[in-house]
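Student: This structure is in structure tokens; I'll ask about it shortly.
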Amino acid sequence: MTEVLTSIAAFIVAIGVMVTVHEYGHYWVARRCGVRVLRFSVGFGRALWRRTLGRDGTEWVIAALPLGGYVKMLDEREAEVPAAERHRAFNNQPVGRRAAIVAAGPAVNILLAVVAYTATFLIGVDGLVPRVGDVQAGSPAAEAGFERGERITAVNGTATATWSDVRLSLLDHGLDGAGGSVAVTVERDGGTTATRRLDIGSVSLREGETDPVTTLGFERWSPELPARVTDVVPDSPAAAAGLRPGDRVLRAGDTRIRDWAHWVEYVRARPGERFEVTVLRDGAETTVALTPAAEQAGGREFGRIGAYGPGLTEADRERMFTTVRYGPLQALGQGVVKTWDITRLTVRVLVGLVTGEAALSNISGPISIAQYAGQSAQIGLSTFIGFVALISVSIGILNLLPIPVLDGGHLLYYAIEAVKGSPVSERAQAFGQQIGIAMLVGLMSLALYNDVVRLVQ
């Protein structure tokens, strides 16, 4: 219940910030262009709070449904406007001013992302060190010659401080559609460096291929901890089998267990399957029968026995985890670069959805966004701010799509008006609005369907 409440609260905060910033962009530019603003609303539906402020009597509203907002301006197409106020009506502004007012919302969303990413780099971004673990035989990573323990420091000259940086760079190059290979710079434990040519032709966002690191055959590095049981959960399969703290797992079935990670992998692959486990206990070998419980996660079934292994040493943690932090000027520069990278990747994914290069299951709706918001909030402030930046970019780009009823649709109308010298007819705009609403309803239905599927899984 606590996780649900956290997700709801984080979702409301994240969406509230992004909607407020987006609508304030429209409001601020409208005021600078001399347009009178009648209402500024965060949310739709019944007003929970309202105030009338300013010399123009603008009504400020917080409404019940926090999934958007709007800025209502003086406009002769919506109501009669006194002659003395007609010069302040939105529809009477030159096409350039109208375009600027409409474009301001998405533009401020992108600006918010720059500010948010800058803040994360000032606070510090926690991540996994991009150190290579086991490499899958026959994979592109194996063919490129990657070895366990190597740290990936750059992809095609772009520095990679974390696995997230590696993933973003590989997706960025993979979505070019050109295939081929990328130059990956690695650093060995001895301090020497090498360059690998990695074939990324298989990187995509099709169904089941959302993580390029896994797709290309990489495993993230983890220390080879001994397969020694340190604790057993009461009433668990491990306890029922007779496993005890101090037992060292030697064999499972006919397989020799190398380390704790190998043991976990073996158990997870055998939900509900009974097998014999040979352990070293007090200097002697003992055999027990174990049946892992079957659990569901991410649409897959895996085994769990309720036993804990040895923890990480401080040296292991330093090799596995890192915090990326910069001074103010560097943080700003990194914030701009990160925003640009995410913006470009978002556009490429959208193009991929149209061309079929990306699966429609990648589209997320409010339920998934709320879950991600709650998870990021629980991890820490920097992660939550980064999540806000990511969603802000998405909202900015989506609003620029040339779909009637979205900002991009209005900008398309203004571009046509600028070329032909007269506005698009009201009949054509009304028809376009119907198409736009139908497209948005279809998109939201797909997003909600994907959310429900993920929730059930």
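Chain lettering (A, B, ...) mirrors the order of the structure tokens, residue numbering begins at 1 for each chain separately, and ligand numbering begins at 1 in order of display.
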At most 10 Å is the cut-off: for each residue in region 379-447 of chain A with any atom that close to an atom of region 6-14 of chain A, write down the nearest atom pair and the distance in Å rounded to one decimal, counting only C-alpha atoms, chain first then increasing number, as CSV.
Tutor:
residue,atom,partner,partner_atom,distance
A:Phe384,CA,A:Ala10,CA,8.4
A:Ile385,CA,A:Ala14,CA,8.7
A:Phe387,CA,A:Ala14,CA,8.4
A:Val388,CA,A:Ala14,CA,5.8
A:Ala389,CA,A:Ala14,CA,9.3
A:Ile391,CA,A:Ala14,CA,8.4
A:Ser392,CA,A:Ala14,CA,8.9
Student: Mind checking which residues fall within 9 Å of Thr343 (chain A), counting only C-alpha atoms, ignoring those fewer than 2 positions away in the same chain, and posting them as a ChimeraX atom specification?
Tutor: /A:110,338-341,345-348,390,393-394,397
Student: Save the residues we just selected, N, CA and C atoms, as a PDB file, in the first residue's frame?
Tutor:
ATOM      1  N   ILE A 110      11.437  21.351 -22.848  1.00  0.00           N
ATOM      2  CA  ILE A 110      12.830  20.999 -23.136  1.00  0.00           C
ATOM      3  C   ILE A 110      13.760  21.773 -22.208  1.00  0.00           C
ATOM      4  N   LYS A 338      22.858  15.920 -22.279  1.00  0.00           N
ATOM      5  CA  LYS A 338      21.938  14.842 -21.930  1.00  0.00           C
ATOM      6  C   LYS A 338      20.553  15.101 -22.509  1.00  0.00           C
ATOM      7  N   THR A 339      20.081  16.342 -22.424  1.00  0.00           N
ATOM      8  CA  THR A 339      18.772  16.692 -22.981  1.00  0.00           C
ATOM      9  C   THR A 339      18.757  16.478 -24.487  1.00  0.00           C
ATOM     10  N   TRP A 340      19.821  16.882 -25.151  1.00  0.00           N
ATOM     11  CA  TRP A 340      19.906  16.700 -26.596  1.00  0.00           C
ATOM     12  C   TRP A 340      19.892  15.215 -26.947  1.00  0.00           C
ATOM     13  N   ASP A 341      20.660  14.412 -26.210  1.00  0.00           N
ATOM     14  CA  ASP A 341      20.714  12.976 -26.482  1.00  0.00           C
ATOM     15  C   ASP A 341      19.342  12.323 -26.298  1.00  0.00           C
ATOM     16  N   LEU A 345      16.978  10.690 -29.200  1.00  0.00           N
ATOM     17  CA  LEU A 345      16.573   9.296 -29.075  1.00  0.00           C
ATOM     18  C   LEU A 345      15.051   9.168 -29.090  1.00  0.00           C
ATOM     19  N   THR A 346      14.350  10.096 -28.412  1.00  0.00           N
ATOM     20  CA  THR A 346      12.888  10.078 -28.388  1.00  0.00           C
ATOM     21  C   THR A 346      12.314  10.213 -29.793  1.00  0.00           C
ATOM     22  N   VAL A 347      12.876  11.132 -30.577  1.00  0.00           N
ATOM     23  CA  VAL A 347      12.414  11.327 -31.958  1.00  0.00           C
ATOM     24  C   VAL A 347      12.643  10.060 -32.772  1.00  0.00           C
ATOM     25  N   ARG A 348      13.800   9.429 -32.584  1.00  0.00           N
ATOM     26  CA  ARG A 348      14.108   8.221 -33.339  1.00  0.00           C
ATOM     27  C   ARG A 348      13.172   7.077 -32.962  1.00  0.00           C
ATOM     28  N   LEU A 390      13.185  13.268 -18.098  1.00  0.00           N
ATOM     29  CA  LEU A 390      12.889  12.341 -19.189  1.00  0.00           C
ATOM     30  C   LEU A 390      11.451  12.496 -19.682  1.00  0.00           C
ATOM     31  N   VAL A 393      10.869  15.831 -21.562  1.00  0.00           N
ATOM     32  CA  VAL A 393      11.286  15.766 -22.966  1.00  0.00           C
ATOM     33  C   VAL A 393      10.213  15.060 -23.792  1.00  0.00           C
ATOM     34  N   SER A 394       9.701  13.949 -23.273  1.00  0.00           N
ATOM     35  CA  SER A 394       8.683  13.191 -24.000  1.00  0.00           C
ATOM     36  C   SER A 394       7.444  14.031 -24.259  1.00  0.00           C
ATOM     37  N   ILE A 397       8.213  16.694 -26.969  1.00  0.00           N
ATOM     38  CA  ILE A 397       8.282  16.141 -28.324  1.00  0.00           C
ATOM     39  C   ILE A 397       6.909  15.699 -28.810  1.00  0.00           C
TER      40      ILE A 397
END
Student: Using only C-alpha atoms, I'd like a table of the residues in region 161-271 of chain A that come within 8 Å of region 281-287 of chain A; for each, show the closest atom pair and its distance in Å rounded to one decimal, ordered by chain and ascending number, as a tab-separated table.
Tutor:
residue	atom	partner	partner_atom	distance
A:Gly246	CA	A:Arg281	CA	7.0
A:Asp247	CA	A:Arg281	CA	5.2
A:Arg248	CA	A:Arg281	CA	6.8
Student: Counting only C-alpha atoms, which residue out of A:Glu276, A:Glu23, A:Asp75, A:Glu85 sits closest to Val61 (chain A)?
Tutor: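 Selected residue with least distance to Val61 (chain A): A:Glu23.
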Student: Report as a PyMOL selection string all protein, DNA and RNA residues lying within 8 Å of region 224-241 of chain A, evaluated on only C-alpha atoms, omitting residues in the same chain fewer than 5 positions from it.
Tutor: chain A and resi 246-250+257-261+263+288-293+304-310
Student: Atoms to include: N, CA, C and O atoms. Write the selected residues as a short mmCIF file (atom, residue, chain, number, x, y, z; two decimals), in the first residue's frame.
Tutor:
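Resulting contents of selection-v8.cif:
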data_model
loop_
_atom_site.label_atom_id
_atom_site.label_comp_id
_atom_site.auth_asym_id
_atom_site.auth_seq_id
_atom_site.Cartn_x
_atom_site.Cartn_y
_atom_site.Cartn_z
N GLY A 246 25.96 -21.11 6.57
CA GLY A 246 27.29 -21.70 6.57
C GLY A 246 27.48 -22.77 5.52
O GLY A 246 28.62 -23.11 5.17
N ASP A 247 26.38 -23.30 4.97
CA ASP A 247 26.49 -24.30 3.92
C ASP A 247 27.10 -23.69 2.66
O ASP A 247 26.70 -22.59 2.24
N ARG A 248 28.05 -24.41 2.05
CA ARG A 248 28.61 -23.96 0.78
C ARG A 248 28.12 -24.91 -0.31
O ARG A 248 28.37 -26.12 -0.25
N VAL A 249 27.42 -24.36 -1.30
CA VAL A 249 26.85 -25.17 -2.37
C VAL A 249 27.96 -25.61 -3.32
O VAL A 249 28.67 -24.78 -3.89
N LEU A 250 28.09 -26.93 -3.50
CA LEU A 250 29.10 -27.48 -4.39
C LEU A 250 28.51 -27.89 -5.73
O LEU A 250 29.07 -27.60 -6.79
N ILE A 257 28.59 -25.88 -9.14
CA ILE A 257 28.28 -24.47 -8.92
C ILE A 257 29.56 -23.69 -8.69
O ILE A 257 30.33 -23.98 -7.77
N ARG A 258 29.79 -22.67 -9.55
CA ARG A 258 31.04 -21.91 -9.51
C ARG A 258 31.04 -20.88 -8.39
O ARG A 258 32.02 -20.74 -7.65
N ASP A 259 29.95 -20.09 -8.30
CA ASP A 259 29.90 -19.02 -7.31
C ASP A 259 28.44 -18.72 -7.00
O ASP A 259 27.52 -19.39 -7.49
N TRP A 260 28.21 -17.69 -6.18
CA TRP A 260 26.84 -17.38 -5.75
C TRP A 260 25.96 -16.94 -6.94
O TRP A 260 24.80 -17.32 -7.02
N ALA A 261 26.52 -16.14 -7.85
CA ALA A 261 25.74 -15.70 -9.01
C ALA A 261 25.31 -16.90 -9.85
O ALA A 261 24.17 -16.95 -10.35
N TRP A 263 24.81 -19.92 -8.74
CA TRP A 263 23.79 -20.62 -7.95
C TRP A 263 22.43 -19.94 -8.11
O TRP A 263 21.41 -20.59 -8.31
N VAL A 288 20.90 -32.58 -0.03
CA VAL A 288 19.51 -32.30 0.32
C VAL A 288 18.68 -32.18 -0.95
O VAL A 288 19.23 -31.94 -2.04
N ALA A 289 17.38 -32.37 -0.84
CA ALA A 289 16.46 -32.22 -1.99
C ALA A 289 15.77 -30.87 -1.89
O ALA A 289 15.20 -30.53 -0.86
N LEU A 290 15.82 -30.13 -2.98
CA LEU A 290 15.32 -28.75 -2.98
C LEU A 290 14.34 -28.55 -4.13
O LEU A 290 14.60 -28.97 -5.26
N THR A 291 13.22 -27.86 -3.86
CA THR A 291 12.24 -27.50 -4.90
C THR A 291 11.96 -26.00 -4.82
O THR A 291 11.26 -25.54 -3.91
N PRO A 292 12.52 -25.18 -5.72
CA PRO A 292 12.27 -23.73 -5.68
C PRO A 292 10.80 -23.39 -5.88
O PRO A 292 10.09 -24.04 -6.67
N ALA A 293 10.34 -22.38 -5.16
CA ALA A 293 8.98 -21.87 -5.38
C ALA A 293 8.94 -21.14 -6.72
O ALA A 293 9.93 -20.58 -7.17
N ARG A 304 12.56 -19.33 -6.69
CA ARG A 304 13.07 -18.63 -5.50
C ARG A 304 13.06 -19.62 -4.34
O ARG A 304 12.10 -20.36 -4.15
N ILE A 305 14.15 -19.60 -3.53
CA ILE A 305 14.23 -20.55 -2.42
C ILE A 305 14.28 -19.88 -1.06
O ILE A 305 14.10 -20.55 -0.04
N GLY A 306 14.52 -18.58 -0.99
CA GLY A 306 14.55 -17.92 0.31
C GLY A 306 15.84 -18.11 1.07
O GLY A 306 15.83 -18.35 2.28
N ALA A 307 16.97 -17.98 0.37
CA ALA A 307 18.28 -18.08 1.02
C ALA A 307 19.12 -16.89 0.58
O ALA A 307 19.03 -16.43 -0.56
N TYR A 308 19.95 -16.38 1.49
CA TYR A 308 20.81 -15.24 1.20
C TYR A 308 22.26 -15.68 1.16
O TYR A 308 22.67 -16.62 1.86
N GLY A 309 23.05 -14.96 0.35
CA GLY A 309 24.46 -15.26 0.21
C GLY A 309 25.32 -14.16 0.80
O GLY A 309 24.82 -13.22 1.43
N PRO A 310 26.63 -14.26 0.60
CA PRO A 310 27.56 -13.27 1.17
C PRO A 310 27.37 -11.89 0.57
O PRO A 310 27.00 -11.75 -0.60
#
Student: Need the shell around Gly396 (chain A): protein/DNA/RNA residues with any atom at most 8 Å away, counting only C-alpha atoms. Skip same-chain ones fewer than 4 positions apart. Format as a ChimeraX atom specification?
Tutor: /A:105-110,392,400
Student: Can you write out the residues you just picked, keeping N, CA and C atoms, as a tab-separated table (two decimals), in the first residue's frame?
Tutor:
chain	number	residue	atom	x	y	z
A	105	GLY	N	5.17	26.27	-25.20
A	105	GLY	CA	4.94	25.20	-24.24
A	105	GLY	C	5.94	24.06	-24.38
A	106	PRO	N	6.05	23.43	-25.57
A	106	PRO	CA	7.06	22.38	-25.75
A	106	PRO	C	8.48	22.87	-25.53
A	107	ALA	N	8.76	24.12	-25.93
A	107	ALA	CA	10.11	24.65	-25.76
A	107	ALA	C	10.49	24.73	-24.28
A	108	VAL	N	9.55	25.14	-23.45
A	108	VAL	CA	9.83	25.25	-22.02
A	108	VAL	C	9.96	23.86	-21.39
A	109	ASN	N	9.25	22.86	-21.94
A	109	ASN	CA	9.45	21.49	-21.46
A	109	ASN	C	10.89	21.02	-21.69
A	110	ILE	N	11.44	21.35	-22.85
A	110	ILE	CA	12.83	21.00	-23.14
A	110	ILE	C	13.76	21.77	-22.21
A	392	SER	N	9.54	15.08	-19.23
A	392	SER	CA	9.35	16.43	-19.75
A	392	SER	C	9.76	16.50	-21.23
A	400	LEU	N	4.74	18.35	-30.13
A	400	LEU	CA	5.16	18.93	-31.41
A	400	LEU	C	4.78	18.06	-32.61
Student: Which is closest to Pro94 (chain A) among A:Ser368, A:Leu170, A:Val35, A:Gly190, if we use only C-alpha atoms?
Tutor: A:Val35
Student: Tell me, in Å to one decimal, how far CA of Ala438 (chain A) is from CA of Phe44 (chain A).
Tutor: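 Interatomic distance, CA of Ala438 (chain A) to CA of Phe44 (chain A): 19.1 Å.
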Student: May I ask for the distance between CA of Arg188 (chain A) and CA of Ala137 (chain A), given in Å to one decimal place?
Tutor: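 Computing it gives 20.2 Å between the two atoms.
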Student: Using only C-alpha atoms, determine which residues lie at most 6 Å from Leu128 (chain A), disregarding the query and same-chain residues fewer than 4 positions distant; provide the list as a list in words.
Tutor: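 That gives Thr162, Trp163, Met320 and Phe321 of chain A.
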Student: Just to be explicit: take each residue in the selection above, keep C-alpha atoms, and write the result as an mmCIF file, in the first residue's frame.
Tutor:
data_model
loop_
_atom_site.group_PDB
_atom_site.id
_atom_site.type_symbol
_atom_site.label_atom_id
_atom_site.label_comp_id
_atom_site.auth_asym_id
_atom_site.auth_seq_id
_atom_site.Cartn_x
_atom_site.Cartn_y
_atom_site.Cartn_z
ATOM 1 C CA THR A 162 27.745 4.259 -16.267
ATOM 2 C CA TRP A 163 25.899 1.373 -17.914
ATOM 3 C CA MET A 320 30.422 -1.961 -9.179
ATOM 4 C CA PHE A 321 28.970 1.464 -8.354
#
Student: Between A:Gly124, A:Met439, A:Phe302, A:Ala373, single out the one closest to Glu265 (chain A), counting only C-alpha atoms.
Tutor: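 So, comparing all the options, the nearest one is A:Phe302.
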Student: Between A:Tyr70, A:Tyr413, A:Trp221, A:Tyr372, which residue has the minimum interatomic distance to Arg319 (chain A), considering only C-alpha atoms?
Tutor: A:Trp221
Student: Just asking: which residues within region 15-252 of chain A are alpha helix (DSSP H) according to DSSP, as a short mmCIF file (atom, residue, chain, number, x, y, z; two decimals) with N, CA and C atoms, in the first residue's frame?
Tutor:
data_model
loop_
_atom_site.label_atom_id
_atom_site.label_comp_id
_atom_site.auth_asym_id
_atom_site.auth_seq_id
_atom_site.Cartn_x
_atom_site.Cartn_y
_atom_site.Cartn_z
N ILE A 15 3.83 15.04 -12.92
CA ILE A 15 2.94 15.55 -13.96
C ILE A 15 2.55 16.99 -13.67
N GLY A 16 2.31 17.30 -12.40
CA GLY A 16 1.95 18.67 -12.03
C GLY A 16 3.03 19.67 -12.41
N VAL A 17 4.29 19.32 -12.13
CA VAL A 17 5.41 20.21 -12.48
C VAL A 17 5.49 20.39 -13.99
N MET A 18 5.42 19.28 -14.73
CA MET A 18 5.58 19.36 -16.18
C MET A 18 4.44 20.11 -16.86
N VAL A 19 3.21 19.86 -16.40
CA VAL A 19 2.06 20.56 -16.98
C VAL A 19 2.13 22.05 -16.67
N THR A 20 2.46 22.37 -15.43
CA THR A 20 2.54 23.78 -15.03
C THR A 20 3.59 24.51 -15.86
N VAL A 21 4.75 23.90 -16.02
CA VAL A 21 5.82 24.52 -16.80
C VAL A 21 5.39 24.68 -18.26
N HIS A 22 4.77 23.64 -18.82
CA HIS A 22 4.33 23.69 -20.22
C HIS A 22 3.33 24.83 -20.44
N GLU A 23 2.31 24.86 -19.59
CA GLU A 23 1.28 25.90 -19.76
C GLU A 23 1.82 27.29 -19.45
N TYR A 24 2.77 27.37 -18.52
CA TYR A 24 3.34 28.69 -18.21
C TYR A 24 4.13 29.22 -19.40
N GLY A 25 4.72 28.31 -20.20
CA GLY A 25 5.39 28.75 -21.41
C GLY A 25 4.42 29.45 -22.35
N HIS A 26 3.23 28.83 -22.56
CA HIS A 26 2.20 29.48 -23.38
C HIS A 26 1.79 30.83 -22.77
N TYR A 27 1.57 30.83 -21.46
CA TYR A 27 1.09 32.03 -20.76
C TYR A 27 2.11 33.17 -20.87
N TRP A 28 3.38 32.85 -20.60
CA TRP A 28 4.41 33.89 -20.55
C TRP A 28 4.58 34.57 -21.91
N VAL A 29 4.64 33.76 -22.97
CA VAL A 29 4.83 34.34 -24.30
C VAL A 29 3.57 35.07 -24.75
N ALA A 30 2.39 34.54 -24.39
CA ALA A 30 1.14 35.23 -24.74
C ALA A 30 1.11 36.63 -24.13
N ARG A 31 1.50 36.72 -22.87
CA ARG A 31 1.52 38.03 -22.21
C ARG A 31 2.52 38.96 -22.89
N ARG A 32 3.68 38.43 -23.27
CA ARG A 32 4.69 39.27 -23.93
C ARG A 32 4.22 39.72 -25.31
N VAL A 95 0.61 35.78 -37.61
CA VAL A 95 0.86 34.34 -37.56
C VAL A 95 2.14 34.01 -36.80
N GLY A 96 3.13 34.87 -36.89
CA GLY A 96 4.38 34.63 -36.18
C GLY A 96 4.20 34.62 -34.68
N ARG A 97 3.39 35.57 -34.17
CA ARG A 97 3.15 35.62 -32.73
C ARG A 97 2.35 34.40 -32.27
N ARG A 98 1.34 34.04 -33.05
CA ARG A 98 0.55 32.87 -32.67
C ARG A 98 1.42 31.61 -32.63
N ALA A 99 2.31 31.49 -33.61
CA ALA A 99 3.20 30.33 -33.64
C ALA A 99 4.14 30.33 -32.43
N ALA A 100 4.63 31.51 -32.06
CA ALA A 100 5.53 31.62 -30.91
C ALA A 100 4.82 31.21 -29.62
N ILE A 101 3.57 31.64 -29.47
CA ILE A 101 2.80 31.31 -28.26
C ILE A 101 2.59 29.81 -28.17
N VAL A 102 2.24 29.19 -29.28
CA VAL A 102 1.98 27.75 -29.29
C VAL A 102 3.26 26.96 -29.07
N ALA A 103 4.36 27.37 -29.70
CA ALA A 103 5.62 26.63 -29.59
C ALA A 103 6.26 26.78 -28.22
N ALA A 104 5.86 27.80 -27.47
CA ALA A 104 6.50 28.08 -26.18
C ALA A 104 6.32 26.95 -25.18
N GLY A 105 5.17 26.27 -25.20
CA GLY A 105 4.94 25.20 -24.24
C GLY A 105 5.94 24.06 -24.38
N PRO A 106 6.05 23.43 -25.57
CA PRO A 106 7.06 22.38 -25.75
C PRO A 106 8.48 22.87 -25.53
N ALA A 107 8.76 24.12 -25.93
CA ALA A 107 10.11 24.65 -25.76
C ALA A 107 10.49 24.73 -24.28
N VAL A 108 9.55 25.14 -23.45
CA VAL A 108 9.83 25.25 -22.02
C VAL A 108 9.96 23.86 -21.39
N ASN A 109 9.25 22.86 -21.94
CA ASN A 109 9.45 21.49 -21.46
C ASN A 109 10.89 21.02 -21.69
N ILE A 110 11.44 21.35 -22.85
CA ILE A 110 12.83 21.00 -23.14
C ILE A 110 13.76 21.77 -22.21
N LEU A 111 13.45 23.04 -21.96
CA LEU A 111 14.26 23.85 -21.04
C LEU A 111 14.21 23.27 -19.63
N LEU A 112 13.04 22.80 -19.21
CA LEU A 112 12.91 22.16 -17.90
C LEU A 112 13.83 20.95 -17.81
N ALA A 113 13.91 20.18 -18.89
CA ALA A 113 14.77 19.00 -18.89
C ALA A 113 16.24 19.40 -18.70
N VAL A 114 16.66 20.49 -19.36
CA VAL A 114 18.03 20.97 -19.20
C VAL A 114 18.29 21.32 -17.73
N VAL A 115 17.38 22.06 -17.13
CA VAL A 115 17.52 22.46 -15.72
C VAL A 115 17.54 21.23 -14.82
N ALA A 116 16.63 20.29 -15.08
CA ALA A 116 16.54 19.09 -14.24
C ALA A 116 17.79 18.23 -14.36
N TYR A 117 18.26 17.99 -15.58
CA TYR A 117 19.46 17.18 -15.74
C TYR A 117 20.68 17.89 -15.14
N THR A 118 20.73 19.20 -15.27
CA THR A 118 21.81 19.96 -14.63
C THR A 118 21.79 19.74 -13.12
N ALA A 119 20.59 19.77 -12.54
CA ALA A 119 20.45 19.55 -11.09
C ALA A 119 20.92 18.15 -10.69
N THR A 120 20.61 17.14 -11.53
CA THR A 120 21.05 15.78 -11.18
C THR A 120 22.56 15.67 -11.19
N PHE A 121 23.22 16.35 -12.14
CA PHE A 121 24.67 16.28 -12.19
C PHE A 121 25.32 17.07 -11.05
N LEU A 122 24.62 18.08 -10.55
CA LEU A 122 25.12 18.81 -9.38
C LEU A 122 24.97 17.96 -8.12
N ILE A 123 23.82 17.29 -7.99
CA ILE A 123 23.57 16.44 -6.82
C ILE A 123 24.43 15.19 -6.87
N PRO A 140 27.58 -10.91 -30.38
CA PRO A 140 28.41 -9.84 -30.95
C PRO A 140 29.52 -9.38 -30.00
N ALA A 141 29.22 -9.35 -28.69
CA ALA A 141 30.25 -8.95 -27.72
C ALA A 141 31.40 -9.94 -27.70
N ALA A 142 31.09 -11.24 -27.78
CA ALA A 142 32.14 -12.26 -27.79
C ALA A 142 32.97 -12.15 -29.07
N GLU A 143 32.30 -11.94 -30.20
CA GLU A 143 33.02 -11.84 -31.47
C GLU A 143 33.91 -10.60 -31.51
N ALA A 144 33.53 -9.56 -30.77
CA ALA A 144 34.34 -8.34 -30.73
C ALA A 144 35.55 -8.50 -29.80
N TRP A 163 26.56 2.25 -16.95
CA TRP A 163 25.90 1.37 -17.91
C TRP A 163 24.76 2.10 -18.62
N SER A 164 24.13 3.06 -17.96
CA SER A 164 23.07 3.84 -18.61
C SER A 164 23.62 4.62 -19.80
N ASP A 165 24.85 5.16 -19.64
CA ASP A 165 25.48 5.87 -20.74
C ASP A 165 25.77 4.92 -21.91
N VAL A 166 26.24 3.71 -21.58
CA VAL A 166 26.53 2.71 -22.61
C VAL A 166 25.25 2.35 -23.36
N ARG A 167 24.18 2.09 -22.60
CA ARG A 167 22.90 1.72 -23.21
C ARG A 167 22.40 2.82 -24.13
N LEU A 168 22.46 4.08 -23.67
CA LEU A 168 21.98 5.21 -24.47
C LEU A 168 22.79 5.34 -25.76
N SER A 169 24.11 5.20 -25.65
CA SER A 169 24.97 5.34 -26.83
C SER A 169 24.70 4.23 -27.84
N LEU A 170 24.54 2.99 -27.35
CA LEU A 170 24.29 1.87 -28.26
C LEU A 170 22.93 2.01 -28.95
N LEU A 171 21.92 2.43 -28.19
CA LEU A 171 20.61 2.65 -28.81
C LEU A 171 20.67 3.78 -29.84
N ASP A 172 21.40 4.83 -29.50
CA ASP A 172 21.52 5.99 -30.38
C ASP A 172 22.11 5.57 -31.73
N HIS A 173 23.19 4.78 -31.68
CA HIS A 173 23.82 4.34 -32.93
C HIS A 173 22.97 3.26 -33.61
N GLY A 174 22.36 2.37 -32.81
CA GLY A 174 21.58 1.29 -33.38
C GLY A 174 20.35 1.76 -34.11
N PRO A 212 19.82 -3.07 -25.11
CA PRO A 212 20.89 -3.39 -26.05
C PRO A 212 22.07 -4.07 -25.38
N VAL A 213 22.29 -3.81 -24.09
CA VAL A 213 23.40 -4.44 -23.39
C VAL A 213 23.22 -5.96 -23.37
N THR A 214 22.01 -6.41 -23.06
CA THR A 214 21.71 -7.84 -23.03
C THR A 214 21.66 -8.41 -24.44
N THR A 215 21.05 -7.68 -25.37
CA THR A 215 20.90 -8.15 -26.74
C THR A 215 22.25 -8.46 -27.38
N PRO A 237 11.40 -22.58 0.88
CA PRO A 237 11.87 -23.84 0.30
C PRO A 237 13.26 -24.23 0.80
N ALA A 238 14.15 -23.24 1.01
CA ALA A 238 15.50 -23.54 1.51
C ALA A 238 15.42 -24.14 2.91
N ALA A 239 14.57 -23.55 3.76
CA ALA A 239 14.41 -24.08 5.12
C ALA A 239 13.79 -25.47 5.10
N ALA A 240 12.81 -25.69 4.24
CA ALA A 240 12.16 -27.00 4.15
C ALA A 240 13.13 -28.08 3.68
N ALA A 241 14.10 -27.67 2.82
CA ALA A 241 15.07 -28.64 2.32
C ALA A 241 16.15 -28.95 3.34
#
